[in-house]
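S.K.: Structure supplied as structure08.tsv; contents: TSV, C-alpha atoms.
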chain	number	residue	atom	x	y	z
A	1	MET	CA	-42.20	139.05	86.44
A	2	LYS	CA	-43.55	136.12	84.46
A	3	LYS	CA	-43.51	138.16	81.27
A	4	PHE	CA	-39.89	139.19	81.94
A	5	VAL	CA	-38.82	135.52	82.27
A	6	GLU	CA	-40.61	134.63	79.04
A	7	ILE	CA	-38.89	137.46	77.15
A	8	LEU	CA	-35.51	136.45	78.63
A	9	VAL	CA	-35.96	132.82	77.56
A	10	VAL	CA	-36.98	133.84	74.02
A	11	CYS	CA	-33.93	136.13	73.77
A	12	LEU	CA	-31.55	133.41	75.00
A	13	VAL	CA	-32.95	130.87	72.55
A	14	GLY	CA	-32.66	133.41	69.72
A	15	LEU	CA	-29.05	134.22	70.59
A	16	SER	CA	-28.21	130.51	70.77
A	17	VAL	CA	-29.64	129.88	67.32
A	18	ILE	CA	-27.71	132.82	65.86
A	19	ALA	CA	-24.43	131.88	67.59
A	20	PHE	CA	-24.46	128.19	66.61
A	21	ALA	CA	-26.25	128.39	63.26
A	22	ASP	CA	-23.02	128.07	61.25
A	23	ALA	CA	-21.31	125.32	63.32
A	24	GLY	CA	-20.93	122.13	61.38
A	25	SER	CA	-21.83	123.67	58.03
A	26	SER	CA	-19.62	123.60	54.93
A	27	ASN	CA	-18.23	127.03	55.94
A	28	ASP	CA	-17.34	125.87	59.47
A	29	PRO	CA	-17.01	122.05	59.51
A	30	LEU	CA	-16.49	120.21	62.73
A	31	ILE	CA	-13.80	118.03	61.05
A	32	SER	CA	-12.40	118.71	57.62
A	33	LEU	CA	-12.63	116.13	54.86
A	34	SER	CA	-8.91	116.38	54.20
A	35	TYR	CA	-8.18	115.51	57.86
A	36	ILE	CA	-10.38	112.41	57.59
A	37	GLU	CA	-8.86	111.27	54.27
A	38	ASN	CA	-5.20	112.15	54.94
A	39	THR	CA	-4.79	111.52	58.66
A	40	LEU	CA	-7.63	109.62	60.30
A	41	LYS	CA	-8.27	107.01	57.57
A	42	PRO	CA	-4.60	105.88	57.26
A	43	GLN	CA	-4.30	105.64	61.04
A	44	LEU	CA	-7.46	103.51	61.27
A	45	GLU	CA	-6.33	101.24	58.42
A	46	LYS	CA	-2.92	100.73	60.07
A	47	TYR	CA	-4.58	99.96	63.42
A	48	ILE	CA	-7.04	97.47	61.89
A	49	ASP	CA	-4.26	95.74	59.89
A	50	SER	CA	-2.14	95.37	63.02
A	51	LYS	CA	-5.07	93.84	64.94
A	52	ILE	CA	-5.88	91.42	62.13
A	53	GLY	CA	-2.22	90.43	61.89
A	54	SER	CA	-2.01	89.74	65.63
A	55	MET	CA	-5.23	87.68	65.46
A	56	ASP	CA	-3.78	85.49	62.70
A	57	ASN	CA	-0.66	84.81	64.75
A	58	SER	CA	-2.49	84.10	68.00
A	59	TYR	CA	-4.98	81.79	66.23
A	60	ASP	CA	-2.13	79.42	65.34
A	61	ASP	CA	-1.60	78.78	69.06
A	62	TYR	CA	-5.11	77.35	69.39
A	63	VAL	CA	-5.18	75.08	66.33
A	64	PRO	CA	-4.35	71.51	67.38
A	65	SER	CA	-1.66	69.92	65.29
A	66	THR	CA	-2.78	66.91	63.29
A	67	SER	CA	-1.06	64.61	60.88
A	68	GLY	CA	-3.20	66.07	58.08
A	69	ASP	CA	-4.37	69.64	57.96
A	70	LYS	CA	-7.10	68.97	55.43
A	71	PHE	CA	-10.00	66.59	55.10
A	72	THR	CA	-9.69	63.84	52.50
A	73	VAL	CA	-12.79	62.85	50.55
A	74	VAL	CA	-13.14	59.05	50.71
A	75	ASN	CA	-15.61	57.02	48.65
A	76	PHE	CA	-16.78	53.81	50.29
A	77	SER	CA	-18.87	50.83	49.24
A	78	LYS	CA	-21.54	48.92	51.11
A	79	GLY	CA	-19.86	46.54	53.55
A	80	ASP	CA	-16.61	48.51	53.88
A	81	ARG	CA	-15.24	49.02	57.36
A	82	ILE	CA	-13.38	52.29	57.90
A	83	ILE	CA	-11.19	51.82	60.97
A	84	CYS	CA	-9.68	55.01	62.38
A	85	GLU	CA	-6.69	56.04	64.45
A	86	ALA	CA	-6.95	58.14	67.60
A	87	GLY	CA	-7.93	61.74	66.87
A	88	THR	CA	-9.31	61.03	63.41
A	89	GLU	CA	-12.23	63.24	62.40
A	90	LEU	CA	-15.12	62.03	60.22
A	91	ILE	CA	-17.98	63.79	58.44
A	92	LEU	CA	-20.50	61.65	56.53
A	93	ARG	CA	-21.48	63.51	53.36
A	94	MET	CA	-23.47	60.91	51.42
A	95	GLY	CA	-24.73	57.39	52.05
A	96	GLN	CA	-25.30	55.53	55.30
A	97	GLY	CA	-23.29	53.74	57.89
A	98	VAL	CA	-23.30	52.59	61.48
A	99	ILE	CA	-20.80	53.25	64.22
A	100	ILE	CA	-18.20	50.66	65.11
A	101	ALA	CA	-17.49	51.09	68.81
A	102	THR	CA	-15.80	49.08	71.54
A	103	PRO	CA	-16.69	48.28	75.14
A	104	LYS	CA	-14.63	51.38	76.09
A	105	GLY	CA	-16.99	53.69	74.18
A	106	GLY	CA	-18.02	55.03	70.82
A	107	LEU	CA	-17.34	58.04	68.64
A	108	ALA	CA	-17.68	61.58	69.95
A	109	ASP	CA	-20.36	63.48	68.02
A	110	THR	CA	-19.10	67.03	68.55
A	111	THR	CA	-22.00	68.53	66.59
A	112	ALA	CA	-24.71	67.05	68.81
A	113	GLY	CA	-22.56	66.82	71.94
A	114	TYR	CA	-22.86	63.14	72.83
A	115	ASP	CA	-21.15	59.77	72.37
A	116	LEU	CA	-22.42	57.50	69.58
A	117	PRO	CA	-22.54	53.83	70.71
A	118	ASP	CA	-21.87	50.70	68.68
A	119	GLY	CA	-24.47	50.14	65.95
A	120	ALA	CA	-25.83	53.71	66.05
A	121	LEU	CA	-26.68	55.24	62.68
A	122	MET	CA	-23.94	57.69	61.67
A	123	PRO	CA	-25.54	61.14	61.30
A	124	SER	CA	-24.89	63.10	58.11
A	125	ASN	CA	-22.92	66.34	58.27
A	126	HIS	CA	-21.90	65.84	61.93
A	127	LEU	CA	-18.27	66.10	62.99
A	128	LEU	CA	-17.29	62.86	64.71
A	129	ILE	CA	-13.98	62.27	66.49
A	130	VAL	CA	-12.41	58.89	67.23
A	131	PRO	CA	-10.91	59.17	70.73
A	132	VAL	CA	-8.89	55.93	70.88
A	133	ALA	CA	-7.26	53.70	68.23
A	134	ASP	CA	-8.91	50.45	69.34
A	135	GLY	CA	-10.88	49.46	66.24
A	136	ARG	CA	-13.49	52.21	66.22
A	137	GLY	CA	-14.87	53.60	63.00
A	138	LEU	CA	-17.67	53.22	60.46
A	139	LEU	CA	-19.39	50.21	58.87
A	140	ALA	CA	-20.93	51.21	55.52
A	141	THR	CA	-24.54	50.08	55.00
A	142	SER	CA	-24.65	51.68	51.52
A	143	ASP	CA	-22.26	53.29	49.07
A	144	GLY	CA	-21.29	56.79	50.07
A	145	ILE	CA	-18.77	59.51	50.75
A	146	VAL	CA	-17.10	60.47	54.01
A	147	MET	CA	-14.62	63.26	54.70
A	148	ILE	CA	-11.73	62.11	56.90
A	149	LYS	CA	-8.94	64.02	58.62
A	150	GLY	CA	-6.39	61.73	60.25
A	151	GLY	CA	-5.31	58.12	59.95
A	152	TYR	CA	-7.64	55.36	58.78
A	153	SER	CA	-7.78	52.09	56.87
A	154	ILE	CA	-10.54	50.54	54.77
A	155	GLU	CA	-11.21	46.82	55.24
For this file, write the structure as structure tokens.

M.R.:
Amino acid sequence: MKKFVEILVVCLVGLSVIAFADAGSSNDPLISLSYIENTLKPQLEKYIDSKIGSMDNSYDDYVPSTSGDKFTVVNFSKGDRIICEAGTELILRMGQGVIIATPKGGLADTTAGYDLPDGALMPSNHLLIVPVADGRGLLATSDGIVMIKGGYSIE
């Protein structure tokens, strides 16, 4: 009986190999190249383009409107005071400065995730946001460059 089962298994495996040997070969492809190039590829491209287009439109809903859409590069000199309006964004690119804050609070350092108090050293390459237009900003302790998006004045 054991020998019969062994022979049966060998025969079934042999028949399986013979029956499926040509599946997926160049003579019997699972999917033809012309179907991929002429049907599937254009459908995928159209689908991807429609998704990208809908992402671009929905992204506009999440972008906060500001008075200026781009950062302005501002050169400053030692001793300058850059006083900002509410919602102004600052990024120190070169030089040094300290934070000008008020008793109500400082500047929001969104990169580090904390509030910078009056007199704190302004970190380079951090995005800072001025929450209230009450005299907050930057006091330059050296010459430098700051990127600013929003309203400001230099004193």

S.K.: Near A:Leu90, within 7 Å and counting all atoms listed in the file, which residues show up once chain neighbours fewer than 5 positions away are dropped, as a list in words?

M.R.: Leu127, Leu128, Ile129, Val146, Met147, Ile148 and Lys149 of chain A

S.K.: If you keep C-alpha atoms, can you produce a file of those selected residues as a CSV table (one decimal), in the frame of the given file?

M.R.:
chain,number,residue,atom,x,y,z
A,127,LEU,CA,-18.3,66.1,63.0
A,128,LEU,CA,-17.3,62.9,64.7
A,129,ILE,CA,-14.0,62.3,66.5
A,146,VAL,CA,-17.1,60.5,54.0
A,147,MET,CA,-14.6,63.3,54.7
A,148,ILE,CA,-11.7,62.1,56.9
A,149,LYS,CA,-8.9,64.0,58.6

S.K.: Figure out the distance between atom CA of A:Ser124 and atom CA of A:Ile91, please, to one decimal in Å.

M.R.: 7.0 Å

S.K.: Rounded to one decimal in Å, what is the spacing between atom CA of A:Asp134 and atom CA of A:Gly95?

M.R.: 24.4 Å

S.K.: Counting only C-alpha atoms, what is within 9 Å of A:Ala101, bar same-chain residues fewer than 3 positions away, as a tab-separated table (two decimals) with C-alpha atoms, in the frame of the given file?

M.R.:
chain	number	residue	atom	x	y	z
A	104	LYS	CA	-14.63	51.38	76.09
A	105	GLY	CA	-16.99	53.69	74.18
A	106	GLY	CA	-18.02	55.03	70.82
A	107	LEU	CA	-17.34	58.04	68.64
A	116	LEU	CA	-22.42	57.50	69.58
A	117	PRO	CA	-22.54	53.83	70.71
A	118	ASP	CA	-21.87	50.70	68.68
A	119	GLY	CA	-24.47	50.14	65.95
A	134	ASP	CA	-8.91	50.45	69.34
A	135	GLY	CA	-10.88	49.46	66.24
A	136	ARG	CA	-13.49	52.21	66.22
A	137	GLY	CA	-14.87	53.60	63.00
A	138	LEU	CA	-17.67	53.22	60.46

S.K.: Residues within 12 Å of A:Asn75, please, as a ChimeraX atom specification. Count all atoms listed in the file; anything in the same chain fewer than 4 positions from it doesn't count.

M.R.: /A:80-82,92-96,140,142-148,154

S.K.: Let's have the selection written as an mmCIF file, keeping the file's coordinate frame, with C-alpha atoms.

M.R.:
data_model
loop_
_atom_site.group_PDB
_atom_site.id
_atom_site.type_symbol
_atom_site.label_atom_id
_atom_site.label_comp_id
_atom_site.auth_asym_id
_atom_site.auth_seq_id
_atom_site.Cartn_x
_atom_site.Cartn_y
_atom_site.Cartn_z
ATOM 1 C CA ASP A 80 -16.610 48.510 53.880
ATOM 2 C CA ARG A 81 -15.240 49.020 57.360
ATOM 3 C CA ILE A 82 -13.380 52.290 57.900
ATOM 4 C CA LEU A 92 -20.500 61.650 56.530
ATOM 5 C CA ARG A 93 -21.480 63.510 53.360
ATOM 6 C CA MET A 94 -23.470 60.910 51.420
ATOM 7 C CA GLY A 95 -24.730 57.390 52.050
ATOM 8 C CA GLN A 96 -25.300 55.530 55.300
ATOM 9 C CA ALA A 140 -20.930 51.210 55.520
ATOM 10 C CA SER A 142 -24.650 51.680 51.520
ATOM 11 C CA ASP A 143 -22.260 53.290 49.070
ATOM 12 C CA GLY A 144 -21.290 56.790 50.070
ATOM 13 C CA ILE A 145 -18.770 59.510 50.750
ATOM 14 C CA VAL A 146 -17.100 60.470 54.010
ATOM 15 C CA MET A 147 -14.620 63.260 54.700
ATOM 16 C CA ILE A 148 -11.730 62.110 56.900
ATOM 17 C CA ILE A 154 -10.540 50.540 54.770
#

S.K.: Between atom CA of A:Phe71 and atom CA of A:Ala112, measure the distance and give it in Å to one decimal.

M.R.: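 Taking atom CA of A:Phe71 as the start and atom CA of A:Ala112 as the end point, the length is 20.1 Å.
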